[in-house]
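Structure data follow from work.txt (compact mmCIF, C-alpha atoms):
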```txt
# COMPACT_ATOMS: atom_id res chain seq x y z
CA MET A 1 17.48 13.71 -8.60
CA LEU A 2 17.13 10.19 -9.93
CA THR A 3 19.78 9.31 -12.48
CA SER A 4 18.36 5.97 -13.64
CA HIS A 5 18.72 5.60 -17.39
CA ALA A 6 16.58 2.47 -17.51
CA GLU A 7 14.77 1.77 -20.73
CA VAL A 8 11.04 1.64 -19.97
CA LEU A 9 8.41 -0.27 -21.86
CA SER A 10 4.74 0.53 -21.18
CA PRO A 11 2.61 -2.32 -22.57
CA ARG A 12 -1.08 -1.72 -23.32
CA THR A 13 -2.21 -5.33 -22.89
CA LEU A 14 -1.31 -8.33 -20.75
CA THR A 15 -0.19 -10.23 -23.87
CA GLU A 16 2.27 -7.43 -24.68
CA ALA A 17 3.47 -7.33 -21.09
CA LEU A 18 4.10 -11.10 -20.90
CA ALA A 19 5.85 -11.09 -24.28
CA ALA A 20 8.16 -8.29 -23.14
CA LYS A 21 8.98 -10.11 -19.89
CA ALA A 22 9.68 -13.33 -21.80
CA SER A 23 12.02 -11.71 -24.32
CA HIS A 24 13.96 -9.81 -21.64
CA PRO A 25 13.64 -11.73 -18.35
CA GLU A 26 16.00 -9.30 -16.60
CA THR A 27 13.30 -6.64 -16.96
CA VAL A 28 12.08 -5.34 -13.61
CA ALA A 29 8.28 -5.11 -13.28
CA LEU A 30 6.97 -1.73 -12.08
CA ALA A 31 3.50 -1.49 -10.54
CA GLY A 32 2.84 1.53 -8.27
CA GLY A 33 6.54 2.14 -7.61
CA THR A 34 6.20 2.67 -3.86
CA ASP A 35 8.89 0.06 -3.11
CA LEU A 36 10.78 0.02 -6.40
CA MET A 37 11.42 3.77 -6.63
CA VAL A 38 12.76 3.83 -3.07
CA LEU A 39 15.18 0.98 -3.87
CA ILE A 40 16.36 2.70 -7.06
CA GLU A 41 16.84 6.04 -5.32
CA ALA A 42 18.85 4.35 -2.57
CA ASN A 43 21.10 2.79 -5.24
CA LYS A 44 20.09 -0.68 -4.11
CA LEU A 45 18.74 -1.48 -7.54
CA ASP A 46 19.82 -0.21 -10.96
CA PRO A 47 17.65 -1.90 -13.57
CA SER A 48 18.57 -1.56 -17.25
CA ARG A 49 15.01 -2.34 -18.27
CA VAL A 50 11.70 -1.59 -16.56
CA LEU A 51 8.28 -2.89 -17.51
CA ASN A 52 5.69 -0.28 -16.56
CA LEU A 53 2.52 -2.28 -15.86
CA TRP A 54 0.42 0.68 -14.63
CA GLY A 55 -1.59 0.90 -17.87
CA VAL A 56 -2.41 -2.80 -18.34
CA PRO A 57 -6.20 -3.08 -17.93
CA GLU A 58 -6.27 -6.88 -17.45
CA LEU A 59 -4.28 -6.43 -14.23
CA ARG A 60 -6.98 -4.25 -12.65
CA GLY A 61 -10.42 -5.00 -11.27
CA LEU A 62 -11.89 -6.66 -8.25
CA ASP A 63 -14.86 -9.00 -8.61
CA ALA A 64 -16.52 -12.21 -7.43
CA GLN A 65 -16.45 -15.31 -9.62
CA ASP A 66 -17.59 -18.87 -8.73
CA GLY A 67 -17.00 -18.73 -5.01
CA TRP A 68 -13.78 -16.74 -5.35
CA ILE A 69 -12.88 -13.07 -5.21
CA ARG A 70 -10.49 -12.09 -7.99
CA LEU A 71 -8.20 -9.16 -7.30
CA GLY A 72 -6.18 -7.90 -10.24
CA ALA A 73 -2.49 -7.60 -9.39
CA LEU A 74 -2.67 -3.80 -9.70
CA THR A 75 -5.43 -3.45 -7.09
CA THR A 76 -4.29 -0.61 -4.83
CA TRP A 77 -4.54 -0.46 -1.04
CA THR A 78 -7.11 2.33 -1.44
CA GLU A 79 -9.24 0.11 -3.68
CA LEU A 80 -9.06 -2.69 -1.08
CA ILE A 81 -10.29 -0.28 1.60
CA GLN A 82 -13.14 1.05 -0.54
CA SER A 83 -14.44 -2.32 -1.75
CA PRO A 84 -17.81 -3.43 -0.28
CA LEU A 85 -17.07 -6.95 -1.59
CA LEU A 86 -13.89 -7.21 0.49
CA ALA A 87 -15.55 -5.65 3.54
CA GLU A 88 -17.84 -8.68 3.45
CA HIS A 89 -15.40 -11.41 2.41
CA ALA A 90 -11.99 -10.30 3.64
CA PRO A 91 -12.24 -7.71 6.44
CA ALA A 92 -8.81 -8.71 7.78
CA LEU A 93 -7.21 -7.78 4.46
CA VAL A 94 -9.06 -4.46 4.50
CA GLU A 95 -7.80 -3.81 8.01
CA ALA A 96 -4.24 -4.57 6.88
CA ALA A 97 -4.67 -2.14 3.96
CA ARG A 98 -5.70 0.57 6.42
CA THR A 99 -2.43 0.16 8.30
CA CYS A 100 -0.29 0.30 5.18
CA GLY A 101 1.64 3.54 4.70
CA ALA A 102 -0.58 6.59 4.43
CA VAL A 103 -3.00 7.75 1.75
CA GLN A 104 -0.26 8.76 -0.71
CA ILE A 105 1.21 5.23 -0.54
CA ARG A 106 -2.18 3.50 -0.50
CA ASN A 107 -3.23 5.33 -3.69
CA ARG A 108 -0.25 3.88 -5.62
CA GLY A 109 0.92 0.73 -3.86
CA THR A 110 -0.57 -2.51 -5.17
CA LEU A 111 -1.28 -5.99 -3.87
CA GLY A 112 0.74 -7.60 -6.69
CA GLY A 113 3.66 -5.31 -5.90
CA ASN A 114 3.49 -6.20 -2.22
CA LEU A 115 3.73 -9.91 -3.13
CA ALA A 116 6.49 -9.49 -5.72
CA ASN A 117 8.56 -7.28 -3.41
CA ALA A 118 8.22 -10.10 -0.83
CA SER A 119 9.38 -8.09 2.15
CA PRO A 120 8.82 -10.24 5.26
CA ALA A 121 7.02 -7.19 6.68
CA GLY A 122 4.64 -6.84 3.70
CA ASP A 123 1.32 -5.76 5.17
CA SER A 124 -0.88 -7.97 2.99
CA LEU A 125 1.03 -11.19 3.54
CA PRO A 126 -0.40 -12.47 6.86
CA PRO A 127 -4.03 -11.87 5.79
CA LEU A 128 -3.47 -13.51 2.40
CA LEU A 129 -1.90 -16.50 4.14
CA ALA A 130 -4.72 -16.70 6.72
CA LEU A 131 -7.35 -16.50 3.97
CA ASP A 132 -5.77 -19.31 1.88
CA ALA A 133 -5.19 -16.97 -1.06
CA VAL A 134 -4.02 -18.28 -4.42
CA VAL A 135 -1.58 -16.31 -6.57
CA GLU A 136 -2.05 -16.38 -10.34
CA LEU A 137 1.13 -16.12 -12.39
CA GLY A 138 1.32 -15.63 -16.14
CA SER A 139 3.99 -16.28 -18.74
CA ALA A 140 3.92 -15.88 -22.52
CA ARG A 141 5.01 -19.44 -23.14
CA ARG A 142 3.17 -21.44 -20.45
CA GLY A 143 0.05 -19.37 -19.92
CA LEU A 144 -1.45 -18.94 -16.45
CA ARG A 145 -0.76 -21.07 -13.38
CA ARG A 146 -2.01 -20.82 -9.82
CA VAL A 147 0.17 -21.16 -6.75
CA PRO A 148 -1.22 -21.40 -3.19
CA ILE A 149 0.17 -18.47 -1.20
CA GLU A 150 1.93 -20.83 1.20
CA ARG A 151 4.12 -22.09 -1.63
CA PHE A 152 4.72 -18.64 -3.11
CA PHE A 153 7.32 -17.40 -0.60
CA LEU A 154 10.48 -19.50 -0.81
CA GLY A 155 12.95 -17.50 1.28
CA TYR A 156 14.03 -13.98 2.13
CA ARG A 157 12.66 -11.90 -0.78
CA LYS A 158 12.55 -15.08 -2.88
CA THR A 159 9.31 -16.12 -4.53
CA ALA A 160 8.00 -18.82 -6.85
CA LEU A 161 7.84 -16.24 -9.64
CA GLU A 162 9.90 -17.45 -12.61
CA ARG A 163 12.01 -14.95 -14.53
CA ASP A 164 9.60 -14.79 -17.45
CA GLU A 165 6.49 -14.51 -15.23
CA LEU A 166 4.33 -11.70 -13.91
CA ILE A 167 1.76 -11.81 -11.11
CA THR A 168 -1.60 -11.37 -12.81
CA ALA A 169 -4.14 -11.76 -9.99
CA ILE A 170 -4.78 -12.91 -6.44
CA TYR A 171 -7.77 -15.12 -5.64
CA LEU A 172 -9.47 -15.32 -2.26
CA PRO A 173 -12.08 -17.93 -1.37
CA ALA A 174 -15.47 -16.41 -0.49
CA ARG A 175 -16.08 -16.12 3.25
CA VAL A 176 -17.69 -19.13 4.90
CA ASP A 177 -20.30 -18.79 7.69
CA GLY A 178 -18.69 -19.25 11.07
CA ASP A 179 -15.38 -17.69 10.01
CA GLU A 180 -13.98 -15.01 12.28
CA THR A 181 -10.88 -13.05 11.43
CA PHE A 182 -8.57 -10.57 13.10
CA PHE A 183 -5.62 -8.45 12.02
CA ARG A 184 -3.14 -6.57 14.16
CA LYS A 185 -0.02 -4.71 13.15
CA VAL A 186 2.52 -3.70 15.78
CA GLY A 187 4.76 -0.81 14.77
CA THR A 188 6.26 2.38 16.18
CA ARG A 189 3.32 4.49 15.04
CA ARG A 190 0.09 3.83 13.23
CA ALA A 191 0.90 5.52 9.93
CA GLN A 192 3.87 4.85 7.68
CA SER A 193 5.72 2.51 10.02
CA ILE A 194 7.07 -0.85 8.94
CA SER A 195 5.87 -3.74 11.12
CA LYS A 196 7.80 -5.02 14.09
CA LEU A 197 5.37 -7.86 13.69
CA SER A 198 1.93 -8.41 12.29
CA PHE A 199 -0.65 -11.08 12.99
CA CYS A 200 -3.71 -12.36 11.20
CA GLY A 201 -5.98 -15.04 12.59
CA ARG A 202 -8.94 -16.93 11.20
CA VAL A 203 -10.98 -19.52 13.03
CA ARG A 204 -14.06 -21.31 11.82
CA ARG A 205 -16.36 -22.53 14.56
CA GLN A 206 -19.24 -24.89 14.22
CA GLY A 207 -21.27 -25.68 17.34
CA GLY A 208 -18.58 -24.14 19.54
CA GLN A 209 -15.85 -26.37 18.08
CA VAL A 210 -12.99 -25.00 16.04
CA THR A 211 -13.03 -26.77 12.69
CA LEU A 212 -10.35 -24.68 11.01
CA ALA A 213 -7.62 -22.42 12.35
CA ARG A 214 -5.17 -20.21 10.49
CA LEU A 215 -2.70 -18.23 12.58
CA THR A 216 -0.21 -16.24 10.55
CA PHE A 217 2.59 -13.85 11.40
CA GLY A 218 4.60 -11.33 9.38
CA ALA A 219 8.03 -9.82 10.07
CA LEU A 220 9.10 -12.61 12.42
CA GLY A 221 11.36 -14.38 9.92
CA PRO A 222 12.40 -14.41 6.26
CA VAL A 223 8.91 -15.38 5.07
CA PRO A 224 5.44 -14.93 6.55
CA LEU A 225 4.67 -18.02 8.62
CA ARG A 226 1.84 -20.11 9.99
CA ALA A 227 1.71 -21.29 13.58
CA HIS A 228 0.98 -24.93 12.71
CA THR A 229 1.39 -26.30 16.24
CA VAL A 230 -1.19 -23.92 17.71
CA GLU A 231 -3.51 -24.37 14.73
CA VAL A 232 -3.56 -28.16 15.18
CA ALA A 233 -4.03 -27.81 18.96
CA LEU A 234 -6.98 -25.46 18.47
CA GLU A 235 -8.79 -27.56 15.89
CA GLY A 236 -11.29 -30.08 17.21
CA GLY A 237 -12.11 -28.32 20.48
CA PRO A 238 -13.44 -25.05 21.88
CA VAL A 239 -11.19 -21.98 21.73
CA ARG A 240 -8.65 -22.23 24.58
CA PRO A 241 -6.58 -19.03 24.93
CA GLN A 242 -3.84 -20.78 26.93
CA LEU A 243 -2.84 -22.62 23.75
CA ALA A 244 -1.15 -19.36 22.70
CA GLU A 245 1.85 -20.44 24.79
CA LEU A 246 2.49 -23.23 22.27
CA LEU A 247 3.41 -20.53 19.78
CA LEU A 248 7.04 -20.77 20.90
CA ASN A 249 7.19 -24.11 19.04
CA ASP A 250 6.30 -22.35 15.80
CA ILE A 251 8.25 -19.11 15.82
CA ARG A 252 11.90 -18.20 16.16
CA PRO A 253 11.74 -14.42 15.75
CA ILE A 254 14.57 -12.47 14.19
CA ALA A 255 16.27 -9.43 15.73
CA ASP A 256 16.81 -6.42 13.47
CA VAL A 257 16.78 -2.61 13.49
CA ARG A 258 13.07 -2.54 14.25
CA SER A 259 12.93 -4.86 17.22
CA THR A 260 14.62 -7.52 19.33
CA ALA A 261 13.82 -11.22 19.11
CA GLU A 262 12.63 -11.25 22.75
CA TYR A 263 10.21 -8.38 22.16
CA ARG A 264 8.78 -10.02 19.06
CA GLN A 265 8.38 -13.36 20.82
CA ARG A 266 6.56 -11.92 23.82
CA VAL A 267 4.33 -9.61 21.79
CA ALA A 268 3.44 -12.38 19.32
CA VAL A 269 2.20 -14.60 22.16
CA ASN A 270 0.32 -11.69 23.78
CA VAL A 271 -1.40 -10.63 20.55
CA LEU A 272 -2.46 -14.22 19.84
CA ARG A 273 -3.68 -14.84 23.39
CA GLY A 274 -5.54 -11.52 23.42
CA TRP A 275 -7.43 -12.40 20.28
CA LEU A 276 -8.26 -15.94 21.48
CA GLU A 277 -9.54 -14.49 24.77
CA SER A 278 -11.78 -12.06 22.88
CA LEU A 279 -13.27 -15.03 21.00
CA VAL A 280 -14.16 -16.77 24.25
CA GLY A 281 -15.82 -13.51 25.33
CA MET B 1 10.59 10.12 -23.86
CA LYS B 2 8.17 12.91 -24.61
CA LEU B 3 5.97 13.22 -21.54
CA SER B 4 2.52 14.64 -22.33
CA PHE B 5 0.28 15.41 -19.42
CA VAL B 6 -2.03 18.04 -18.01
CA VAL B 7 -0.61 20.12 -15.19
CA ASN B 8 -2.90 22.50 -13.33
CA GLY B 9 -5.32 22.54 -16.23
CA ALA B 10 -2.77 23.18 -19.00
CA ALA B 11 -1.49 20.57 -21.46
CA ARG B 12 2.30 20.25 -21.14
CA GLU B 13 4.92 18.37 -23.12
CA VAL B 14 8.41 17.85 -21.87
CA GLU B 15 11.35 15.66 -22.90
CA VAL B 16 12.37 13.52 -19.90
CA ARG B 17 14.04 10.26 -18.96
CA PRO B 18 11.15 7.85 -18.27
CA MET B 19 12.42 6.97 -14.78
CA ALA B 20 12.98 10.61 -13.80
CA ARG B 21 11.01 11.47 -10.68
CA LEU B 22 7.79 13.36 -11.28
CA LEU B 23 8.98 15.73 -8.52
CA ASP B 24 12.08 16.69 -10.53
CA VAL B 25 10.08 17.11 -13.72
CA LEU B 26 7.70 19.48 -11.92
CA ARG B 27 10.39 21.44 -10.10
CA GLU B 28 13.26 21.49 -12.60
CA ASP B 29 11.60 21.23 -16.01
CA LEU B 30 8.33 23.04 -15.34
CA ARG B 31 9.68 25.33 -12.58
CA LEU B 32 6.75 24.48 -10.33
CA THR B 33 8.58 24.57 -7.02
CA GLY B 34 5.54 24.32 -4.75
CA ALA B 35 5.99 20.59 -4.17
CA LYS B 36 8.99 20.23 -1.84
CA GLU B 37 11.49 17.46 -1.41
CA GLY B 38 11.69 16.26 2.17
CA CYS B 39 12.67 12.64 2.67
CA GLY B 40 12.77 11.56 -0.98
CA GLU B 41 11.28 8.18 -0.10
CA GLY B 42 7.54 8.64 0.25
CA GLU B 43 7.49 9.04 4.02
CA CYS B 44 7.04 12.76 4.72
CA GLY B 45 4.45 13.94 2.19
CA ALA B 46 6.13 17.30 1.41
CA CYS B 47 6.00 16.49 -2.32
CA THR B 48 2.32 15.48 -2.37
CA VAL B 49 0.49 16.26 -5.61
CA LEU B 50 -2.76 14.93 -7.05
CA ILE B 51 -2.48 12.49 -9.95
CA ASP B 52 -5.86 11.95 -11.58
CA GLY B 53 -7.36 13.36 -8.39
CA LYS B 54 -5.47 11.06 -6.00
CA ALA B 55 -2.76 12.19 -3.59
CA ALA B 56 0.67 10.77 -4.34
CA CYS B 57 4.25 11.46 -3.33
CA ALA B 58 5.84 12.90 -6.48
CA CYS B 59 9.28 11.80 -5.26
CA ILE B 60 8.46 8.13 -5.86
CA VAL B 61 6.39 8.41 -9.02
CA PRO B 62 8.37 7.88 -12.23
CA ALA B 63 7.66 10.38 -14.99
CA VAL B 64 6.51 7.58 -17.29
CA GLN B 65 3.51 6.97 -15.00
CA ALA B 66 2.39 10.59 -15.32
CA HIS B 67 2.10 10.24 -19.09
CA GLY B 68 -1.49 10.98 -20.10
CA ALA B 69 -2.43 11.84 -16.52
CA THR B 70 -3.86 14.96 -14.95
CA VAL B 71 -1.59 16.39 -12.28
CA GLN B 72 -2.48 19.11 -9.82
CA THR B 73 0.11 20.89 -7.71
CA VAL B 74 -0.31 23.52 -5.01
CA GLU B 75 0.16 26.19 -7.68
CA GLY B 76 -3.13 25.03 -9.21
CA LEU B 77 -5.24 25.45 -6.06
CA ALA B 78 -5.77 29.21 -6.20
CA ASP B 79 -8.03 30.54 -8.90
CA ASP B 80 -6.85 33.79 -10.55
CA GLN B 81 -5.12 35.23 -7.49
CA ARG B 82 -8.02 34.15 -5.28
CA LEU B 83 -7.06 31.55 -2.72
CA ALA B 84 -9.00 28.32 -2.58
CA ARG B 85 -11.25 27.90 0.44
CA LEU B 86 -8.79 25.37 1.78
CA GLN B 87 -5.92 27.87 1.55
CA ASP B 88 -8.10 30.52 3.21
CA SER B 89 -8.69 28.13 6.08
CA PHE B 90 -4.94 27.56 6.46
CA VAL B 91 -4.40 31.35 6.60
CA ARG B 92 -7.27 31.95 9.03
CA CYS B 93 -6.19 29.13 11.36
CA GLY B 94 -2.48 30.04 11.25
CA ALA B 95 -1.74 26.55 9.94
CA ALA B 96 1.78 27.30 8.71
CA GLN B 97 4.98 27.83 10.62
CA CYS B 98 8.11 27.40 8.50
CA GLY B 99 5.89 26.48 5.55
CA ILE B 100 7.87 23.64 4.01
CA CYS B 101 5.18 21.03 4.71
CA THR B 102 2.29 23.32 3.79
CA PRO B 103 1.96 22.54 0.05
CA GLY B 104 1.94 18.81 0.82
CA PHE B 105 -0.70 19.17 3.55
CA LEU B 106 -2.81 21.32 1.24
CA MET B 107 -2.75 18.72 -1.53
CA THR B 108 -3.57 15.81 0.79
CA ALA B 109 -6.42 17.91 2.18
CA ALA B 110 -7.48 18.82 -1.38
CA GLU B 111 -8.16 15.14 -2.09
CA LEU B 112 -10.25 14.96 1.09
CA CYS B 113 -12.24 18.04 0.09
CA GLN B 114 -13.08 16.49 -3.28
CA ARG B 115 -14.76 13.61 -1.49
CA SER B 116 -16.72 16.15 0.57
CA GLN B 117 -17.84 13.82 3.29
CA ALA B 118 -18.06 14.68 6.96
CA LEU B 119 -15.07 13.44 8.95
CA SER B 120 -14.42 13.31 12.66
CA ARG B 121 -11.29 14.99 14.00
CA ALA B 122 -9.70 11.56 14.45
CA GLU B 123 -10.47 10.73 10.83
CA VAL B 124 -8.92 14.00 9.67
CA ARG B 125 -5.78 13.19 11.68
CA ASP B 126 -5.68 9.76 10.13
CA ALA B 127 -6.21 11.17 6.65
CA VAL B 128 -3.20 13.49 6.89
CA ALA B 129 -0.96 10.99 8.70
CA GLY B 130 1.27 10.76 5.62
CA ASN B 131 2.32 14.40 6.00
CA LEU B 132 4.92 15.41 8.54
CA CYS B 133 5.31 18.90 10.03
CA ARG B 134 8.71 19.25 11.63
CA CYS B 135 7.58 22.41 13.43
CA THR B 136 4.89 20.09 14.89
CA GLY B 137 2.13 22.59 14.16
CA TYR B 138 -0.41 19.84 13.80
CA GLN B 139 -3.28 21.27 15.88
CA LYS B 140 -3.75 24.30 13.67
CA ILE B 141 -3.31 22.25 10.51
CA ILE B 142 -6.03 19.85 11.64
CA ASP B 143 -8.20 22.87 12.60
CA ALA B 144 -7.78 24.30 9.10
CA VAL B 145 -8.60 21.04 7.32
CA GLU B 146 -11.65 20.55 9.54
CA GLU B 147 -12.83 24.09 8.84
CA ALA B 148 -12.42 23.64 5.08
CA LEU B 149 -14.24 20.30 5.15
CA CYS B 150 -17.15 21.82 7.08
CA ALA B 151 -17.33 24.64 4.55
CA ASP B 152 -17.58 22.03 1.81
CA GLN B 153 -20.63 20.38 3.31
CA PRO B 154 -23.89 21.21 1.56
CA ARG B 155 -25.81 23.76 3.57
```
Show how you would write the structure in this file as structure tokens.
Amino acid sequence: MLTSHAEVLSPRTLTEALAAKASHPETVALAGGTDLMVLIEANKLDPSRVLNLWGVPELRGLDAQDGWIRLGALTTWTELIQSPLLAEHAPALVEAARTCGAVQIRNRGTLGGNLANASPAGDSLPPLLALDAVVELGSARRGLRRVPIERFFLGYRKTALERDELITAIYLPARVDGDETFFRKVGTRRAQSISKLSFCGRVRRQGGQVTLARLTFGALGPVPLRAHTVEVALEGGPVRPQLAELLLNDIRPIADVRSTAEYRQRVAVNVLRGWLESLVG
Amino acid sequence: MKLSFVVNGAAREVEVRPMARLLDVLREDLRLTGAKEGCGEGECGACTVLIDGKAACACIVPAVQAHGATVQTVEGLADDQRLARLQDSFVRCGAAQCGICTPGFLMTAAELCQRSQALSRAEVRDAVAGNLCRCTGYQKIIDAVEEALCADQPR
């Protein structure tokens, strides 16, 4: 039995939603509820006001515009999996969606919710970071602004979202020829489990040379991170799997209930090396 | 709030707190006790119902999000005392032991049957991975879902 007596507002338009958030910034935004309801039931959160965004049409939809893919903040994991557009442009994100929860969670959980919840283990975070995603935030007073995903996560469950703002959409650049991507989640079982660590990689190769590398990890620290040292070492030459060892310069894994720091460190290097080896063939 | 929604084909109205769990509204207010509470945090699938045709854990859906929606529970599967084909398959395959997880499995499988596409055994396993059976009677459950899916294929 859930005893929350929160007052709930269910706006019909984005304008209404932003106005409500601006007039009561303490209002907690509710998307699919798959994280929020669990927090409320565990008495970790007791909001006095909730903004139910589920019926706001402007926050839905998934389409291509001017070299970008726009994903409304309420795009569910199931919609990510079923989208032919994303299968072409962001297969690593689709793969991550497949590993998220199970069908009951994927039917309700949303991309915007995953970002706002900002769990270091959020399944979409490494792919969004590897794909250079841009987060669109809206406020009643200042309109829309766009924040590169790398500047969105500020600390443990802390984001660039201001108190009067809502996430409105996520933008992904269209896939470029020569881009190869990979996603791997390591957990106790395939369904439902929260990551011990997750990895997403993207390399762009032209004439056998790496011209761009993005190597991103989730659940290793307070925010999803990029392995800048390895990225820089990879760029400008052919793929060399032994560069995976440099990863120890980039990561300082945490220990928690799901795994030890040593395990995370070793597995992170192995997953990265394994993928780089598969690229060499 | 006054929650108006369609449950198992009938329009219902009930006075609820907006953040009440859909599971409690179904079980306590509407006395539809088919959906069970297992973990209460969206992990075990015992409370699975269909909302607008999509499987969801009713324990983590606030009542306010069911407003205007169409909800189907296990009580809505059978048609006038005649079991649905899916339920028949569960009976024939012996796919229930203690029975607590059965309504949830049936509703997850009901969403699969709507899509009526052929699935491999591995895909069926994957599709019901959000439902736990603590008696671990998975083989017969998977058998039953497979049988029902085959029956749904056009002949």
Which residues are close to stretch 129-142 of chain B, i.e. within 9 Å by all atoms listed in the file, leaving aside same-chain residues fewer than 6 positions away? Reply as a PDB file with C-alpha atoms, in the coordinates of the input.
```pdb
ATOM      1  CA  GLY A 101       1.640   3.540   4.700  1.00  0.00           C
ATOM      2  CA  ALA A 102      -0.580   6.590   4.430  1.00  0.00           C
ATOM      3  CA  VAL A 103      -3.000   7.750   1.750  1.00  0.00           C
ATOM      4  CA  GLN A 104      -0.260   8.760  -0.710  1.00  0.00           C
ATOM      5  CA  ILE A 105       1.210   5.230  -0.540  1.00  0.00           C
ATOM      6  CA  ARG A 190       0.090   3.830  13.230  1.00  0.00           C
ATOM      7  CA  ALA A 191       0.900   5.520   9.930  1.00  0.00           C
ATOM      8  CA  GLN A 192       3.870   4.850   7.680  1.00  0.00           C
TER       9      GLN A 192
ATOM     10  CA  GLY B  42       7.540   8.640   0.250  1.00  0.00           C
ATOM     11  CA  GLU B  43       7.490   9.040   4.020  1.00  0.00           C
ATOM     12  CA  CYS B  44       7.040  12.760   4.720  1.00  0.00           C
ATOM     13  CA  GLY B  45       4.450  13.940   2.190  1.00  0.00           C
ATOM     14  CA  ALA B  46       6.130  17.300   1.410  1.00  0.00           C
ATOM     15  CA  THR B  48       2.320  15.480  -2.370  1.00  0.00           C
ATOM     16  CA  PHE B  90      -4.940  27.560   6.460  1.00  0.00           C
ATOM     17  CA  CYS B  93      -6.190  29.130  11.360  1.00  0.00           C
ATOM     18  CA  GLY B  94      -2.480  30.040  11.250  1.00  0.00           C
ATOM     19  CA  ALA B  95      -1.740  26.550   9.940  1.00  0.00           C
ATOM     20  CA  ALA B  96       1.780  27.300   8.710  1.00  0.00           C
ATOM     21  CA  GLN B  97       4.980  27.830  10.620  1.00  0.00           C
ATOM     22  CA  CYS B  98       8.110  27.400   8.500  1.00  0.00           C
ATOM     23  CA  GLY B  99       5.890  26.480   5.550  1.00  0.00           C
ATOM     24  CA  ILE B 100       7.870  23.640   4.010  1.00  0.00           C
ATOM     25  CA  CYS B 101       5.180  21.030   4.710  1.00  0.00           C
ATOM     26  CA  THR B 102       2.290  23.320   3.790  1.00  0.00           C
ATOM     27  CA  GLY B 104       1.940  18.810   0.820  1.00  0.00           C
ATOM     28  CA  PHE B 105      -0.700  19.170   3.550  1.00  0.00           C
ATOM     29  CA  THR B 108      -3.570  15.810   0.790  1.00  0.00           C
ATOM     30  CA  ARG B 121     -11.290  14.990  14.000  1.00  0.00           C
TER      31      ARG B 121
END
```
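Our summary of the geometry notes that atom CA of A:Ala22 is positioned 6.3 Å from atom CA of A:Ala140.
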Problem set entry | Interface, chain B side, toward chain A (10 Å; all atoms listed in the file) as a PyMOL selection string | chain B and resi 1+17-25+28+40-45+48-51+54-62+64-65+108+111+126-131
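For the pair atom CA of A:Tyr263 and atom CA of A:Thr188, the separation is 12.9 Å.
Relative to atom CA of B:Leu86, atom CA of B:Ala63 is found at 27.9 Å.
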Exercise. When distances are computed from all atoms listed in the file, which of A:Ser278, A:Thr13, A:Asn270, A:Thr181 shows the smallest separation from A:Arg240?
Worked result: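 The shortest atom-to-atom distance to A:Arg240 comes from A:Ser278.
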For this session: Please provide the set of residues having any atom within 12 Å of A:Ser23, restricted to all atoms listed in the file, with same-chain residues fewer than 2 positions apart removed, written as a ChimeraX atom specification.
Result: /A:16-21,25-27,49,51,139-141,163-165
Kindly list the centre and edge lengths in Å, rounded to one decimal, for the axis-aligned box that covers all listed atoms of stretch 14-27 of chain B plus 5 Å on each of its six sides, as JSON.
```
{"center_x": 10.9, "center_y": 14.2, "center_z": -15.7, "size_x": 16.3, "size_y": 24.5, "size_z": 24.4}
```
For this session: List every protein, DNA or RNA residue that has at least one atom no more than 7 Å from (-2.8, 10.5, -13.1) in the file's coordinates, counting all atoms listed in the file, and write the result as a list of chain:residue names.
Result: B:Ile51, B:Asp52, B:Ala66, B:Ala69, B:Thr70, B:Val71
For this session: Find the residues around A:Leu137 up to 7 Å (only C-alpha atoms counted), leave out those fewer than 2 positions away in its own chain, and share them as a list in words.
Result: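 Close residues of A:Leu137: Val135, Ser139, Leu144, Arg145, Arg146, Glu165, Leu166, Ile167 and Thr168 of chain A.
Residues with any atom within 8 Å of the point (-2.7, -8.6, -14.1), counting all atoms listed in the file, are Leu14, Val56, Pro57, Glu58, Leu59, Arg60, Gly72, Ala73, Leu74, Leu166, Ile167, Thr168 and Ala169 of chain A.
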Could you write out that same residue set with C-alpha atoms as an mmCIF file, in the coordinates of the input?
```
data_model
loop_
_atom_site.group_PDB
_atom_site.id
_atom_site.type_symbol
_atom_site.label_atom_id
_atom_site.label_comp_id
_atom_site.auth_asym_id
_atom_site.auth_seq_id
_atom_site.Cartn_x
_atom_site.Cartn_y
_atom_site.Cartn_z
ATOM 1 C CA LEU A 14 -1.310 -8.330 -20.750
ATOM 2 C CA VAL A 56 -2.410 -2.800 -18.340
ATOM 3 C CA PRO A 57 -6.200 -3.080 -17.930
ATOM 4 C CA GLU A 58 -6.270 -6.880 -17.450
ATOM 5 C CA LEU A 59 -4.280 -6.430 -14.230
ATOM 6 C CA ARG A 60 -6.980 -4.250 -12.650
ATOM 7 C CA GLY A 72 -6.180 -7.900 -10.240
ATOM 8 C CA ALA A 73 -2.490 -7.600 -9.390
ATOM 9 C CA LEU A 74 -2.670 -3.800 -9.700
ATOM 10 C CA LEU A 166 4.330 -11.700 -13.910
ATOM 11 C CA ILE A 167 1.760 -11.810 -11.110
ATOM 12 C CA THR A 168 -1.600 -11.370 -12.810
ATOM 13 C CA ALA A 169 -4.140 -11.760 -9.990
#
```
For stretch 260-269 of chain A, write C-alpha atoms out as a short mmCIF file (atom, residue, chain, number, x, y, z; two decimals), in the first residue's frame.
```cif
data_model
loop_
_atom_site.label_atom_id
_atom_site.label_comp_id
_atom_site.auth_asym_id
_atom_site.auth_seq_id
_atom_site.Cartn_x
_atom_site.Cartn_y
_atom_site.Cartn_z
CA THR A 260 34.36 -4.91 -5.88
CA ALA A 261 36.66 -2.28 -7.35
CA GLU A 262 39.17 -4.96 -8.41
CA TYR A 263 36.51 -6.92 -10.30
CA ARG A 264 35.27 -3.83 -12.08
CA GLN A 265 38.79 -2.76 -13.03
CA ARG A 266 39.75 -6.13 -14.48
CA VAL A 267 36.48 -6.67 -16.32
CA ALA A 268 36.51 -3.13 -17.75
CA VAL A 269 39.94 -3.73 -19.30
#
```
